[in-house]
Every structure is written in structure tokens, then in C-alpha cells.
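The structure under discussion appears below in the form of C-alpha cells.
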Amino acid sequence: MCLLRHFLFSLPIWVLCLSFFSVASVIKSEESSIVFASGSSQEIPLSQASPQMGAQSPGPPIVKVVFREDLNKKILIALIVSSTLLCVTVLLLLYLLLWRYRNLKNSFSGIQQKPDSVKSVATKPIVHKIDSVRKGTIPVYDYQLLESATNKFSDSNVLSRGGRGCLYRACLDEKSSVTVKKLDGCGETDIDKQFENEVDWLAKIRHQNIISLLGFCVYRQTSCIVYEMMQNGSLESQLHGPSQGAGLTWQLRMKIAVDIARGLEYLHEHCHPPVVHRDLKSSNILLDSDFNAKISDFGFATVLMTQNKNLKIPDRASEFILDGKVTDKNDVYSFGVILLELLLGKKSVEKPSSEPESVVTWAVPKLSDRANLPNILDPAIKGTMDLKHLYQVAAVAVLCVQPEPSYRPLITDVLHSLIPLLPVDLGGSLRIL
Ligand SMILES: Nc1ncnc2c1ncn2[C@@H]1O[C@H](COP(=O)(O)OP(=O)(O)OP(=O)(O)O)[C@@H](O)[C@H]1O
């Protein structure tokens, strides 16, 4: 393959050399035969003619220039052949460069050329509604590629089974893996809407604390979304899974809280118009191999209510909406719930009996006396932090879950009150001496 590529790329040079030599040799051979100097009877090549010759010959010296009959024709043919070769060479070179560029591009993004059957389904109406798809700013994956990267969506590749579909580990090459969310209910209005919303938002939003969308695919009744791989799963599984938060030190928990606040601050303060996530919870906070936290699941995200007054509030997000309006303060409330989970190691909603209890209704009365805090703290982090820092974080959490949205702080204020509690090497401003 490599040899063939070398041959193809050196071909134009050989062709150029050949055409140059052929024209040169035609001209040279013609040069030596076109011009002669002659006496009266004998023809002498001009190169051998000298001034003395005139004195030797009886008559006046005659210089006779002889053109061979087919001289012009030969030069013309040589010129036509060489210029044709040149054109073919240039075209070949252009084609090779284009071919190489497309190969490089495809191998970089892991996207294959789509067979026609797949292309036609990828143009379903649902896909055309997505702004970034129309603009061509988001990669469309080949279904067959995702199928083979996930072992035909085999059970052994399943990372989790969510409410809307399954999440698979996919190996696009030997070095890296990605995750593929496969939504099987394509065609059902709700699922289509969430798919459309998720792809549309994530294609526009790029931030270190927001999950990266790598592309998507729509094939028959199935839609897939391709994300970067988050090796440490969700915050929920870290806190409430088998390890029960043992892998999360106090400092890591503070880093996770600051990361989430940074992601939210980006959505609320730096996006135009501002974006409200509306479904923030520990299962939608993902952790990469270095425990960097990223916000995921934008199926319910929307612009701030001031820009979009007629939006219907989805049922799942409505548990946190107290006055029926979507505002950035809903996300602040959800952030407060996550902060309580990080401090206390309790689930956002415990269901030990028939009466589920929210961590807010359980913890807030207890936190009115801060002396209680060390007793209700997550056992995994007991005695591992400065108590002043602990009280400060608890105070921020209680403020965030105020029933009255206007009493809740802005996420940017929350962020700036947490940064001084996080060591510099973890992205905060705390200097440990
Ligand atoms: N990119 C990822 N890398 C690794 N794990 C992930 C990734 N995305 C999601 N997960 C895992 O899959 C779980 C389900 O995520 P998903 O977004 O598919 O949930 P869902 O289908 O929206 O379910 P729910 O509606 O209950 O939130 C997450 O809690 C997390 O553990």
C-alpha cells in the first residue's frame, strides 16, 4: 500500500521528466539536421563552416538553411503530447491530493463514507429540524460503523440501561473508546423531541465541564448519539453505587462541585440566550478518568423563560419547579441538592418506605444548627476536612435550596464562594502551606 502510494505520488515527476526529455530530444535532433552551410556543390554542417572556407572555394560562399519537411509537424506533435501529459499529470495530482485529504479527514473523525442506504435514512425529517445538522457542523456517523464498534450492540458492551435507551461502549479504533446512546423509540414524539434537543444543544455548547458530543446517527427506527467516554461513570453511581462514595475524598467532592458550578455558570452567564438545563441531578453528572465533572443529558434544556414564555415544562423536571416558570434558579436548586448529596452521601430522594423523602426535607431542618453537621456527614469523609470549610459549603447548599427562587443565589456567586475552598492544583484558589 505504502509502495503504491509512493509510486502514485512520484508518477507526476516521472511524467514531467519524460515529457521534458522527449521535447528536448526532438528539438536537439532537429537542430542538428536543420541548418547547413554549403559550397556550390557540397553541403557542410554549419557548425563545421569557417571564415576561411570562403577563401578556399572558387565562388562566393553560400549559406543555405534547410528545413526538413516534417520539422514543424514534429515539434507540434511533441508539444501537444507533452502538454497533454502535463494536463493529465496535474489532474492526477489534484485527484490524489483530494483523495488523501478525504482519507485524513475521515480517519481523524472516525467517520466512514456512508453507503447510499444509510444516507437516505439520515435525511429523515427529524434530522432536518436540527439546526447544526442543516449547517453541517455536526458529524453524522454511519450506522454500520457504530454497529461493528459495539459488537452489534451486544449486552457485553452495555454501560447502562436508562429511561430512554441503552448506553454502549464503542471502540472506533484500538486506542480510544466512545459511548453510544441508542434510542429505540425513534418516531415517538417525546423521544424524538429529546433527541433533537440534546443533539442541537450539545452541538452548540462546548465547555470543559459539559459533555462533548462527537456525532449522531439516525437509521430506520433507531437514533444514536455518540459522546466522549467518561471512565468514572456518573456521580450518582460513585456516591450511591457499590463503593458508597469511598473513592471520593473531600477535595475531590469540592472539585466536582466547582466543576458543575463552572458548567452551569457557562450555561447561565455565557450562552446567548442563556440556557437552563432543567434536569440536573447526580446521574447526569459524569466523571472522566481524572474525576473532572461534566454536565450531561440536555434532553430538557431550554433557553431562559424570558426568551421562551410558551414552553411546556416536562414532567420529569417539574418536581423542582415551584412557581411554574423556568428560570436559572431551578438549576441552582438542583445544584443545592447535588451539594447536599456530596456532603451527606444521601440520595436526592430516599425511598426506604412507601413515602419517598427528599434529601432537602430531611437535611435542611437538621442544618439549622450547624453543630449537627458532623453527625449527619457522609461517613466516607468524616473528619477529613477543615470544619470552617464544611460549614461554609453547607451554608451555600441551604441557600441554593430555598423554596423562594429569588432568595437563591446566582450560580456565579455560588461558584465564587466555592473556589477559595478548593486547592490551586485542583482548579481552585486555596493554597495549602
Ligand atoms: N458518556 C458517558 N460515559 C460513561 N458513562 C455514561 C456516559 N453517559 C452516560 N453514562 C452512564 O449512563 C447512565 C445513564 O445515562 P443516560 O444519559 O443514558 O440516562 P437516561 O437514559 O437519560 O436515563 P435517565 O432518564 O434516567 O437520566 C449515566 O447515569 C451514567 O452512569
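Chain labels A, B, ... are given in the sequence in which chains occur in the C-alpha cells; within each chain residues are numbered consecutively from 1, and ligands are likewise numbered from 1 in the order shown.
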Given 10 Å and only C-alpha atoms and all ligand atoms, residues near ligand 1 as a PyMOL selection string: chain A and resi 158-169+177-183+194+211-213+225-238+279-288+294-299+316
Once you have the residues from the selection above, write them out as a compact mmCIF listing (two decimals), in the first residue's frame, restricted to N, CA and C atoms.
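So the final result, stored in result_27.txt, reads:
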```
# COMPACT_ATOMS: atom_id res chain seq x y z
N VAL A 158 -22.90 -3.08 27.02
CA VAL A 158 -23.83 -2.15 27.68
C VAL A 158 -23.18 -1.53 28.91
N LEU A 159 -23.21 -0.20 28.98
CA LEU A 159 -22.70 0.51 30.15
C LEU A 159 -23.82 0.78 31.14
N SER A 160 -24.98 1.11 30.59
CA SER A 160 -26.14 1.33 31.47
C SER A 160 -27.42 1.27 30.64
N ARG A 161 -28.50 0.96 31.34
CA ARG A 161 -29.80 0.99 30.67
C ARG A 161 -30.58 2.13 31.29
N GLY A 162 -30.82 3.16 30.49
CA GLY A 162 -31.51 4.35 31.01
C GLY A 162 -32.98 4.33 30.67
N GLY A 163 -33.65 5.42 31.04
CA GLY A 163 -35.08 5.52 30.79
C GLY A 163 -35.42 5.56 29.31
N ARG A 164 -34.48 6.09 28.49
CA ARG A 164 -34.82 6.29 27.07
C ARG A 164 -34.09 5.34 26.13
N GLY A 165 -33.19 4.53 26.67
CA GLY A 165 -32.46 3.61 25.79
C GLY A 165 -31.23 3.09 26.51
N CYS A 166 -30.38 2.42 25.74
CA CYS A 166 -29.20 1.81 26.33
C CYS A 166 -27.96 2.61 25.96
N LEU A 167 -26.98 2.53 26.84
CA LEU A 167 -25.72 3.19 26.57
C LEU A 167 -24.64 2.13 26.36
N TYR A 168 -23.90 2.23 25.26
CA TYR A 168 -22.92 1.20 24.91
C TYR A 168 -21.51 1.77 24.88
N ARG A 169 -20.53 0.89 25.18
CA ARG A 169 -19.13 1.24 24.93
C ARG A 169 -18.85 0.87 23.49
N SER A 177 -12.03 4.60 23.18
CA SER A 177 -13.43 4.18 23.08
C SER A 177 -14.33 5.38 23.34
N VAL A 178 -15.53 5.29 22.82
CA VAL A 178 -16.53 6.35 22.99
C VAL A 178 -17.80 5.69 23.53
N THR A 179 -18.79 6.50 23.86
CA THR A 179 -20.05 5.89 24.28
C THR A 179 -21.13 6.23 23.26
N VAL A 180 -22.01 5.26 23.06
CA VAL A 180 -23.11 5.45 22.10
C VAL A 180 -24.43 5.24 22.83
N LYS A 181 -25.26 6.27 22.81
CA LYS A 181 -26.60 6.11 23.40
C LYS A 181 -27.54 5.74 22.27
N LYS A 182 -28.18 4.58 22.41
CA LYS A 182 -29.08 4.10 21.36
C LYS A 182 -30.51 4.27 21.84
N LEU A 183 -31.26 5.09 21.11
CA LEU A 183 -32.65 5.35 21.47
C LEU A 183 -33.53 4.58 20.51
N GLN A 194 -36.63 14.88 22.53
CA GLN A 194 -35.48 14.91 23.43
C GLN A 194 -34.17 14.69 22.66
N ILE A 211 -20.45 17.70 28.75
CA ILE A 211 -20.09 16.51 27.95
C ILE A 211 -19.94 16.87 26.47
N SER A 212 -18.93 16.27 25.83
CA SER A 212 -18.71 16.58 24.41
C SER A 212 -19.51 15.62 23.53
N LEU A 213 -20.22 16.21 22.60
CA LEU A 213 -20.95 15.41 21.61
C LEU A 213 -20.00 15.15 20.44
N ILE A 225 -26.67 8.65 19.71
CA ILE A 225 -25.87 9.84 19.97
C ILE A 225 -24.50 9.35 20.46
N VAL A 226 -23.44 9.92 19.89
CA VAL A 226 -22.09 9.48 20.25
C VAL A 226 -21.43 10.55 21.13
N TYR A 227 -20.97 10.13 22.32
CA TYR A 227 -20.34 11.05 23.28
C TYR A 227 -18.91 10.61 23.58
N GLU A 228 -18.16 11.53 24.18
CA GLU A 228 -16.85 11.15 24.71
C GLU A 228 -17.07 10.15 25.85
N MET A 229 -16.07 9.30 26.10
CA MET A 229 -16.20 8.30 27.17
C MET A 229 -15.86 8.94 28.52
N MET A 230 -16.71 8.71 29.51
CA MET A 230 -16.45 9.22 30.86
C MET A 230 -16.17 8.00 31.74
N GLN A 231 -14.89 7.74 31.95
CA GLN A 231 -14.45 6.46 32.54
C GLN A 231 -14.97 6.21 33.94
N ASN A 232 -15.21 7.28 34.73
CA ASN A 232 -15.66 7.04 36.10
C ASN A 232 -17.17 7.12 36.27
N GLY A 233 -17.87 7.01 35.17
CA GLY A 233 -19.34 6.93 35.24
C GLY A 233 -20.00 8.18 35.82
N SER A 234 -21.14 7.96 36.45
CA SER A 234 -21.88 9.13 36.96
C SER A 234 -21.56 9.36 38.43
N LEU A 235 -21.82 10.61 38.87
CA LEU A 235 -21.63 10.95 40.28
C LEU A 235 -22.56 10.10 41.13
N GLU A 236 -23.75 9.83 40.60
CA GLU A 236 -24.70 9.01 41.35
C GLU A 236 -24.13 7.63 41.63
N SER A 237 -23.52 7.00 40.58
CA SER A 237 -23.01 5.65 40.80
C SER A 237 -21.79 5.68 41.74
N GLN A 238 -21.01 6.78 41.72
CA GLN A 238 -19.88 6.88 42.64
C GLN A 238 -20.35 7.03 44.09
N ASP A 279 -32.69 19.50 34.14
CA ASP A 279 -32.72 18.10 34.58
C ASP A 279 -31.41 17.75 35.27
N LEU A 280 -30.91 18.70 36.07
CA LEU A 280 -29.62 18.50 36.72
C LEU A 280 -29.80 17.56 37.91
N LYS A 281 -29.04 16.48 37.92
CA LYS A 281 -29.08 15.52 39.04
C LYS A 281 -27.79 14.70 38.99
N SER A 282 -27.52 14.00 40.09
CA SER A 282 -26.21 13.34 40.16
C SER A 282 -26.02 12.29 39.06
N SER A 283 -27.11 11.71 38.54
CA SER A 283 -26.93 10.71 37.47
C SER A 283 -26.59 11.39 36.14
N ASN A 284 -26.79 12.70 36.07
CA ASN A 284 -26.43 13.44 34.85
C ASN A 284 -25.11 14.20 35.00
N ILE A 285 -24.39 13.93 36.07
CA ILE A 285 -23.04 14.48 36.22
C ILE A 285 -22.08 13.33 35.97
N LEU A 286 -21.25 13.46 34.94
CA LEU A 286 -20.35 12.36 34.58
C LEU A 286 -18.91 12.71 34.94
N LEU A 287 -18.13 11.67 35.24
CA LEU A 287 -16.75 11.89 35.71
C LEU A 287 -15.77 11.19 34.78
N ASP A 288 -14.77 11.93 34.32
CA ASP A 288 -13.78 11.31 33.42
C ASP A 288 -12.70 10.61 34.24
N LYS A 294 -18.54 16.63 34.33
CA LYS A 294 -19.18 17.26 33.16
C LYS A 294 -20.69 17.04 33.24
N ILE A 295 -21.41 18.10 32.87
CA ILE A 295 -22.87 18.01 32.88
C ILE A 295 -23.32 17.32 31.60
N SER A 296 -24.25 16.36 31.72
CA SER A 296 -24.75 15.67 30.51
C SER A 296 -26.27 15.72 30.48
N ASP A 297 -26.82 15.11 29.44
CA ASP A 297 -28.27 14.97 29.27
C ASP A 297 -28.99 16.31 29.09
N PHE A 298 -28.98 16.79 27.88
CA PHE A 298 -29.61 18.09 27.57
C PHE A 298 -30.98 17.93 26.92
N GLY A 299 -31.59 16.75 27.15
CA GLY A 299 -32.90 16.48 26.54
C GLY A 299 -33.99 17.46 26.92
N ARG A 316 -40.71 15.35 34.12
CA ARG A 316 -39.58 14.92 34.95
C ARG A 316 -38.90 16.07 35.64
```
Run DSSP on the backbone and give me the residues of segment 200-312 of chain A it puts in strand (DSSP E), as a ChimeraX atom specification. /A:213-219,222-228,275-276,285-287,293-295,302-303
Give me a file of those residues, with N, CA and C atoms, as a tab-separated table (two decimals), in the first residue's frame.
```
chain	number	residue	atom	x	y	z
A	213	LEU	N	-20.22	16.21	22.60
A	213	LEU	CA	-20.95	15.41	21.61
A	213	LEU	C	-20.00	15.15	20.44
A	214	LEU	N	-19.87	13.87	20.05
A	214	LEU	CA	-18.97	13.56	18.93
A	214	LEU	C	-19.72	13.40	17.61
A	215	GLY	N	-21.01	13.11	17.70
A	215	GLY	CA	-21.79	12.96	16.47
A	215	GLY	C	-23.09	12.22	16.75
A	216	PHE	N	-23.81	11.89	15.71
A	216	PHE	CA	-25.07	11.18	15.89
A	216	PHE	C	-25.37	10.34	14.64
A	217	CYS	N	-26.44	9.59	14.72
A	217	CYS	CA	-26.82	8.73	13.59
A	217	CYS	C	-28.31	8.43	13.70
A	218	VAL	N	-29.01	8.47	12.59
A	218	VAL	CA	-30.42	8.07	12.58
A	218	VAL	C	-30.58	7.00	11.51
A	219	TYR	N	-31.07	5.83	11.90
A	219	TYR	CA	-31.19	4.73	10.95
A	219	TYR	C	-32.50	3.98	11.23
A	222	THR	N	-34.15	3.77	14.73
A	222	THR	CA	-33.16	3.92	15.78
A	222	THR	C	-32.39	5.23	15.62
A	223	SER	N	-32.20	5.93	16.74
A	223	SER	CA	-31.28	7.06	16.68
A	223	SER	C	-30.17	6.84	17.72
A	224	CYS	N	-28.98	7.26	17.38
A	224	CYS	CA	-27.84	7.09	18.28
A	224	CYS	C	-27.16	8.44	18.48
A	225	ILE	N	-26.67	8.65	19.71
A	225	ILE	CA	-25.87	9.84	19.97
A	225	ILE	C	-24.50	9.35	20.46
A	226	VAL	N	-23.44	9.92	19.89
A	226	VAL	CA	-22.09	9.48	20.25
A	226	VAL	C	-21.43	10.55	21.13
A	227	TYR	N	-20.97	10.13	22.32
A	227	TYR	CA	-20.34	11.05	23.28
A	227	TYR	C	-18.91	10.61	23.58
A	228	GLU	N	-18.16	11.53	24.18
A	228	GLU	CA	-16.85	11.15	24.71
A	228	GLU	C	-17.07	10.15	25.85
A	275	VAL	N	-28.99	29.46	28.82
A	275	VAL	CA	-29.60	28.12	28.73
A	275	VAL	C	-29.87	27.59	30.14
A	276	VAL	N	-31.06	27.00	30.32
A	276	VAL	CA	-31.38	26.34	31.59
A	276	VAL	C	-31.38	24.84	31.32
A	285	ILE	N	-24.39	13.93	36.07
A	285	ILE	CA	-23.04	14.48	36.22
A	285	ILE	C	-22.08	13.33	35.97
A	286	LEU	N	-21.25	13.46	34.94
A	286	LEU	CA	-20.35	12.36	34.58
A	286	LEU	C	-18.91	12.71	34.94
A	287	LEU	N	-18.13	11.67	35.24
A	287	LEU	CA	-16.75	11.89	35.71
A	287	LEU	C	-15.77	11.19	34.78
A	293	ALA	N	-15.61	16.73	36.35
A	293	ALA	CA	-17.06	16.52	36.23
A	293	ALA	C	-17.62	17.27	35.04
A	294	LYS	N	-18.54	16.63	34.33
A	294	LYS	CA	-19.18	17.26	33.16
A	294	LYS	C	-20.69	17.04	33.24
A	295	ILE	N	-21.41	18.10	32.87
A	295	ILE	CA	-22.87	18.01	32.88
A	295	ILE	C	-23.32	17.32	31.60
A	302	THR	N	-33.42	24.25	27.78
A	302	THR	CA	-34.16	25.27	27.03
A	302	THR	C	-33.53	26.63	27.29
A	303	VAL	N	-33.95	27.60	26.51
A	303	VAL	CA	-33.48	28.96	26.79
A	303	VAL	C	-34.28	29.52	27.95
```
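As for atom CA of Leu340 of chain A and atom CA of Leu377 of chain A, they are spaced 9.5 Å apart.
For the choices A:Val326, A:Ala301, A:Cys400, A:Ile381, the atom-to-atom distance to Asn197 of chain A is smallest for A:Ala301 when using only C-alpha atoms.
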What is the atom CA of Ala363 of chain A to atom CA of Leu339 of chain A distance in Å? 11.6 Å
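What separates atom CA of Ala394 of chain A from atom CA of Leu367 of chain A is a distance of 7.8 Å.
The neighbours of Lys388 of chain A here are the residues that come within 12 Å of it, using only C-alpha atoms and leaving out any residue fewer than 3 positions away in the same chain; they are Arg370, Ala371, Leu373, Pro374, Met385, Tyr391, Gln392, Val393, Ala394, Ala395 and Leu421 of chain A.
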Could the residues in this selection be saved with N, CA and C atoms as a PDB file, in the first residue's frame?
```
ATOM      1  N   ARG A 370     -25.740  24.184  63.080  1.00  0.00           N
ATOM      2  CA  ARG A 370     -24.587  23.629  62.359  1.00  0.00           C
ATOM      3  C   ARG A 370     -23.781  22.625  63.179  1.00  0.00           C
ATOM      4  N   ALA A 371     -24.000  22.626  64.477  1.00  0.00           N
ATOM      5  CA  ALA A 371     -23.297  21.647  65.309  1.00  0.00           C
ATOM      6  C   ALA A 371     -23.725  20.213  64.961  1.00  0.00           C
ATOM      7  N   LEU A 373     -24.025  19.103  61.984  1.00  0.00           N
ATOM      8  CA  LEU A 373     -23.467  18.724  60.676  1.00  0.00           C
ATOM      9  C   LEU A 373     -22.493  17.536  60.733  1.00  0.00           C
ATOM     10  N   PRO A 374     -21.493  17.576  61.638  1.00  0.00           N
ATOM     11  CA  PRO A 374     -20.568  16.429  61.639  1.00  0.00           C
ATOM     12  C   PRO A 374     -21.264  15.098  61.885  1.00  0.00           C
ATOM     13  N   MET A 385     -11.794  17.095  56.756  1.00  0.00           N
ATOM     14  CA  MET A 385     -11.738  18.464  56.213  1.00  0.00           C
ATOM     15  C   MET A 385     -11.713  19.492  57.340  1.00  0.00           C
ATOM     16  N   TYR A 391     -18.751  24.019  57.094  1.00  0.00           N
ATOM     17  CA  TYR A 391     -19.900  24.884  57.419  1.00  0.00           C
ATOM     18  C   TYR A 391     -20.230  25.811  56.251  1.00  0.00           C
ATOM     19  N   GLN A 392     -19.178  26.286  55.636  1.00  0.00           N
ATOM     20  CA  GLN A 392     -19.392  27.217  54.511  1.00  0.00           C
ATOM     21  C   GLN A 392     -20.126  26.518  53.355  1.00  0.00           C
ATOM     22  N   VAL A 393     -19.687  25.319  53.033  1.00  0.00           N
ATOM     23  CA  VAL A 393     -20.320  24.582  51.923  1.00  0.00           C
ATOM     24  C   VAL A 393     -21.771  24.252  52.272  1.00  0.00           C
ATOM     25  N   ALA A 394     -21.995  23.862  53.520  1.00  0.00           N
ATOM     26  CA  ALA A 394     -23.371  23.534  53.946  1.00  0.00           C
ATOM     27  C   ALA A 394     -24.255  24.778  53.845  1.00  0.00           C
ATOM     28  N   ALA A 395     -23.703  25.948  54.210  1.00  0.00           N
ATOM     29  CA  ALA A 395     -24.492  27.192  54.140  1.00  0.00           C
ATOM     30  C   ALA A 395     -24.869  27.501  52.688  1.00  0.00           C
ATOM     31  N   LEU A 421     -12.251  27.373  48.504  1.00  0.00           N
ATOM     32  CA  LEU A 421     -12.166  26.173  49.343  1.00  0.00           C
ATOM     33  C   LEU A 421     -11.468  25.023  48.618  1.00  0.00           C
TER      34      LEU A 421
END
```
Nearest to Glu269 of chain A among A:Leu304, A:Ile419, A:Ile338, A:Leu433, with distances taken over only C-alpha atoms: which residue is it? A:Leu304
Using DSSP on the backbone coordinates, identify the residues of segment 170-275 of chain A assigned to helix (DSSP H, G or I); present them as a ChimeraX atom specification. /A:189-204,235-240,250-270
Output file for the residues above (C-alpha atoms, as a short mmCIF file (atom, residue, chain, number, x, y, z; two decimals), in the first residue's frame):
```
data_model
loop_
_atom_site.label_atom_id
_atom_site.label_comp_id
_atom_site.auth_asym_id
_atom_site.auth_seq_id
_atom_site.Cartn_x
_atom_site.Cartn_y
_atom_site.Cartn_z
CA THR A 189 -42.78 12.26 19.62
CA ASP A 190 -41.28 12.60 23.12
CA ILE A 191 -38.14 10.63 22.35
CA ASP A 192 -37.68 12.41 19.01
CA LYS A 193 -38.04 15.76 20.75
CA GLN A 194 -35.48 14.91 23.43
CA PHE A 195 -33.07 13.52 20.86
CA GLU A 196 -33.43 16.63 18.76
CA ASN A 197 -32.98 18.90 21.79
CA GLU A 198 -29.95 17.04 23.09
CA VAL A 199 -28.14 16.96 19.75
CA ASP A 200 -29.00 20.56 18.99
CA TRP A 201 -27.78 21.96 22.31
CA LEU A 202 -24.67 19.83 22.61
CA ALA A 203 -23.64 20.70 19.06
CA LYS A 204 -23.66 24.38 20.03
CA LEU A 235 -21.63 10.95 40.28
CA GLU A 236 -24.70 9.01 41.35
CA SER A 237 -23.01 5.65 40.80
CA GLN A 238 -19.88 6.88 42.64
CA LEU A 239 -21.87 8.11 45.65
CA HIS A 240 -24.64 5.55 45.86
CA TRP A 250 -13.41 15.76 50.45
CA GLN A 251 -11.16 17.56 47.98
CA LEU A 252 -12.49 15.56 45.04
CA ARG A 253 -16.04 16.37 46.13
CA MET A 254 -15.17 20.07 46.23
CA LYS A 255 -13.60 19.80 42.78
CA ILE A 256 -16.73 18.11 41.43
CA ALA A 257 -18.94 20.84 42.97
CA VAL A 258 -16.77 23.59 41.43
CA ASP A 259 -16.75 21.83 38.03
CA ILE A 260 -20.55 21.58 37.99
CA ALA A 261 -20.88 25.24 39.06
CA ARG A 262 -18.48 26.24 36.26
CA GLY A 263 -20.52 24.33 33.68
CA LEU A 264 -23.74 25.91 34.95
CA GLU A 265 -22.21 29.38 35.06
CA TYR A 266 -21.29 28.92 31.41
CA LEU A 267 -24.89 27.98 30.53
CA HIS A 268 -26.47 30.79 32.57
CA GLU A 269 -24.00 33.62 32.04
CA HIS A 270 -22.03 32.99 28.88
#
```
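Using only C-alpha atoms, the shortest contact distance between Phe335 of chain A and any of A:Glu357, A:Val414, A:Asn372, A:Cys271 is found at A:Val414.
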